[in-house]
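Remarks on the structure that follows.
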Amino acid sequence: MNFTETAPIMRIFDIGKARDFYCGFLGMSWDWEHRFHPDAPLYAQISRAGLVLHLSEHHGDSTPGSTVFVRMKGIDDFHREISAHRYRYFRPGIETMPWGRSMTVIDPFMNTLRFNEDLPEGEEPAETENGG
């Protein structure tokens with residue numbers, strides 16, 4: 001058996017806001033979209049550098065406020081790139097967690113994307129204020 005790809009479905013409610021956030025802010029490509037007829041809800045695929053997400057206006061697809069954990073390399077470069085866009089509604093930072101360096105972004109529909117880069121082998125995270 002071999003799984004070839006995972007594509008989390010993110011619930012959206014406004015195509016313009018979705019394009020602005022995912023393509024304009026995060027630099028993803030709008031790969032394709034589908035509707036069963038012109039007035040039907042949108043279902044689309046977006047991608048960037050191996051990350052594939054599906055966006056859906058369909059009522060039964062996903063739950064608003066879902067979270068996707070994305071392992072990646074190059075989080076500092078990605079952070080610099082999206083920060084340069086000066087996105088009006090969100091300016092994330094990077095924090096070091098026990099599991100790696102993490103940058104959380106929240107889309108206009110309250111879906112969360114947690115981008116995470118593992119710590120280099122042997123590197124321990126700095127202790128946080130709460131002792132963890």
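The chains in the structure tokens are called A, B, ... from first to last as shown; in each chain the residues are counted from 1, and the ligands are counted from 1 in the order shown.
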All strand (DSSP E) residues (DSSP, backbone) inside region 17-94 of chain A, as an NGL selection string:
:A and (29-34 or 43-48 or 51-56 or 67-71)
Write out, as a PDB file, in the first residue's frame, the residues just selected, with N, CA and C atoms.
```pdb
ATOM      1  N   SER A  29      -0.909  28.632  -5.293  1.00  0.00           N
ATOM      2  CA  SER A  29      -1.496  28.659  -6.636  1.00  0.00           C
ATOM      3  C   SER A  29      -2.916  28.125  -6.575  1.00  0.00           C
ATOM      4  N   TRP A  30      -3.792  28.756  -7.342  1.00  0.00           N
ATOM      5  CA  TRP A  30      -5.175  28.288  -7.479  1.00  0.00           C
ATOM      6  C   TRP A  30      -5.154  27.298  -8.630  1.00  0.00           C
ATOM      7  N   ASP A  31      -5.137  26.001  -8.335  1.00  0.00           N
ATOM      8  CA  ASP A  31      -4.913  24.973  -9.347  1.00  0.00           C
ATOM      9  C   ASP A  31      -6.126  24.702 -10.218  1.00  0.00           C
ATOM     10  N   TRP A  32      -7.253  24.498  -9.583  1.00  0.00           N
ATOM     11  CA  TRP A  32      -8.485  24.229 -10.322  1.00  0.00           C
ATOM     12  C   TRP A  32      -9.680  24.475  -9.414  1.00  0.00           C
ATOM     13  N   GLU A  33     -10.834  24.563 -10.046  1.00  0.00           N
ATOM     14  CA  GLU A  33     -12.074  24.690  -9.277  1.00  0.00           C
ATOM     15  C   GLU A  33     -13.183  23.946  -9.995  1.00  0.00           C
ATOM     16  N   HIS A  34     -14.213  23.575  -9.229  1.00  0.00           N
ATOM     17  CA  HIS A  34     -15.328  22.818  -9.783  1.00  0.00           C
ATOM     18  C   HIS A  34     -16.634  23.278  -9.143  1.00  0.00           C
ATOM     19  N   TYR A  43     -15.766  24.187  -5.192  1.00  0.00           N
ATOM     20  CA  TYR A  43     -14.788  23.258  -4.630  1.00  0.00           C
ATOM     21  C   TYR A  43     -13.518  23.501  -5.426  1.00  0.00           C
ATOM     22  N   ALA A  44     -12.392  23.780  -4.756  1.00  0.00           N
ATOM     23  CA  ALA A  44     -11.169  24.151  -5.457  1.00  0.00           C
ATOM     24  C   ALA A  44      -9.950  23.512  -4.811  1.00  0.00           C
ATOM     25  N   GLN A  45      -8.892  23.445  -5.593  1.00  0.00           N
ATOM     26  CA  GLN A  45      -7.612  22.985  -5.064  1.00  0.00           C
ATOM     27  C   GLN A  45      -6.597  24.114  -5.173  1.00  0.00           C
ATOM     28  N   ILE A  46      -5.803  24.286  -4.102  1.00  0.00           N
ATOM     29  CA  ILE A  46      -4.693  25.227  -4.088  1.00  0.00           C
ATOM     30  C   ILE A  46      -3.449  24.454  -3.675  1.00  0.00           C
ATOM     31  N   SER A  47      -2.271  24.969  -4.055  1.00  0.00           N
ATOM     32  CA  SER A  47      -1.053  24.251  -3.708  1.00  0.00           C
ATOM     33  C   SER A  47       0.144  25.187  -3.702  1.00  0.00           C
ATOM     34  N   ARG A  48       1.193  24.687  -3.025  1.00  0.00           N
ATOM     35  CA  ARG A  48       2.478  25.370  -3.035  1.00  0.00           C
ATOM     36  C   ARG A  48       3.531  24.413  -2.477  1.00  0.00           C
ATOM     37  N   LEU A  51       2.548  21.307  -0.642  1.00  0.00           N
ATOM     38  CA  LEU A  51       1.359  21.426   0.202  1.00  0.00           C
ATOM     39  C   LEU A  51       0.138  21.552  -0.706  1.00  0.00           C
ATOM     40  N   VAL A  52      -0.832  20.674  -0.522  1.00  0.00           N
ATOM     41  CA  VAL A  52      -2.072  20.698  -1.295  1.00  0.00           C
ATOM     42  C   VAL A  52      -3.233  20.836  -0.322  1.00  0.00           C
ATOM     43  N   LEU A  53      -4.095  21.809  -0.569  1.00  0.00           N
ATOM     44  CA  LEU A  53      -5.304  22.002   0.231  1.00  0.00           C
ATOM     45  C   LEU A  53      -6.494  22.069  -0.706  1.00  0.00           C
ATOM     46  N   HIS A  54      -7.629  21.598  -0.227  1.00  0.00           N
ATOM     47  CA  HIS A  54      -8.880  21.774  -0.954  1.00  0.00           C
ATOM     48  C   HIS A  54      -9.716  22.793  -0.188  1.00  0.00           C
ATOM     49  N   LEU A  55     -10.346  23.682  -0.931  1.00  0.00           N
ATOM     50  CA  LEU A  55     -11.230  24.691  -0.356  1.00  0.00           C
ATOM     51  C   LEU A  55     -12.647  24.377  -0.801  1.00  0.00           C
ATOM     52  N   SER A  56     -13.592  24.461   0.116  1.00  0.00           N
ATOM     53  CA  SER A  56     -14.952  24.076  -0.229  1.00  0.00           C
ATOM     54  C   SER A  56     -15.978  25.011   0.391  1.00  0.00           C
ATOM     55  N   THR A  67      -8.112  22.813  12.088  1.00  0.00           N
ATOM     56  CA  THR A  67      -6.674  23.079  12.150  1.00  0.00           C
ATOM     57  C   THR A  67      -5.926  22.050  11.323  1.00  0.00           C
ATOM     58  N   VAL A  68      -4.934  22.528  10.563  1.00  0.00           N
ATOM     59  CA  VAL A  68      -4.053  21.665   9.788  1.00  0.00           C
ATOM     60  C   VAL A  68      -2.627  21.921  10.248  1.00  0.00           C
ATOM     61  N   PHE A  69      -1.904  20.852  10.578  1.00  0.00           N
ATOM     62  CA  PHE A  69      -0.503  20.929  10.986  1.00  0.00           C
ATOM     63  C   PHE A  69       0.345  20.615   9.757  1.00  0.00           C
ATOM     64  N   VAL A  70       1.230  21.544   9.375  1.00  0.00           N
ATOM     65  CA  VAL A  70       2.031  21.414   8.157  1.00  0.00           C
ATOM     66  C   VAL A  70       3.511  21.381   8.525  1.00  0.00           C
ATOM     67  N   ARG A  71       4.153  20.240   8.328  1.00  0.00           N
ATOM     68  CA  ARG A  71       5.606  20.160   8.520  1.00  0.00           C
ATOM     69  C   ARG A  71       6.278  20.762   7.293  1.00  0.00           C
TER      70      ARG A  71
END
```
Using the chain letters and numbers from this document, which residues of chain A does DSSP assign to alpha helix (DSSP H), as a PyMOL selection string?
chain A and resi 15-18+75-84
Quick one: write out the picked residues with C-alpha atoms as a PDB file, in the first residue's frame?
```
ATOM      1  CA  ILE A  15     -14.109  33.130  -2.750  1.00  0.00           C
ATOM      2  CA  GLY A  16     -12.541  36.604  -2.946  1.00  0.00           C
ATOM      3  CA  LYS A  17     -11.353  36.460   0.666  1.00  0.00           C
ATOM      4  CA  ALA A  18     -10.067  32.918   0.141  1.00  0.00           C
ATOM      5  CA  ILE A  75      10.079  28.584   7.982  1.00  0.00           C
ATOM      6  CA  ASP A  76      12.209  31.740   8.366  1.00  0.00           C
ATOM      7  CA  ASP A  77      12.200  32.390   4.614  1.00  0.00           C
ATOM      8  CA  PHE A  78       8.459  31.708   4.425  1.00  0.00           C
ATOM      9  CA  HIS A  79       7.827  34.065   7.355  1.00  0.00           C
ATOM     10  CA  ARG A  80       9.891  36.843   5.721  1.00  0.00           C
ATOM     11  CA  GLU A  81       8.029  36.372   2.445  1.00  0.00           C
ATOM     12  CA  ILE A  82       4.517  36.522   3.862  1.00  0.00           C
ATOM     13  CA  SER A  83       5.437  39.361   6.249  1.00  0.00           C
ATOM     14  CA  ALA A  84       6.544  41.427   3.252  1.00  0.00           C
TER      15      ALA A  84
END
```
With only C-alpha atoms as the basis for distance, which of A:Pro38, A:Gly100, A:Gly24, A:Pro64 is at the shortest distance from Arg88 (chain A)?
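Nearest to Arg88 (chain A): A:Gly24.
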Of A:Phe3, A:Phe36, A:Tyr22, A:Phe115, the one sitting nearest Pro92 (chain A) when using only C-alpha atoms is A:Phe115
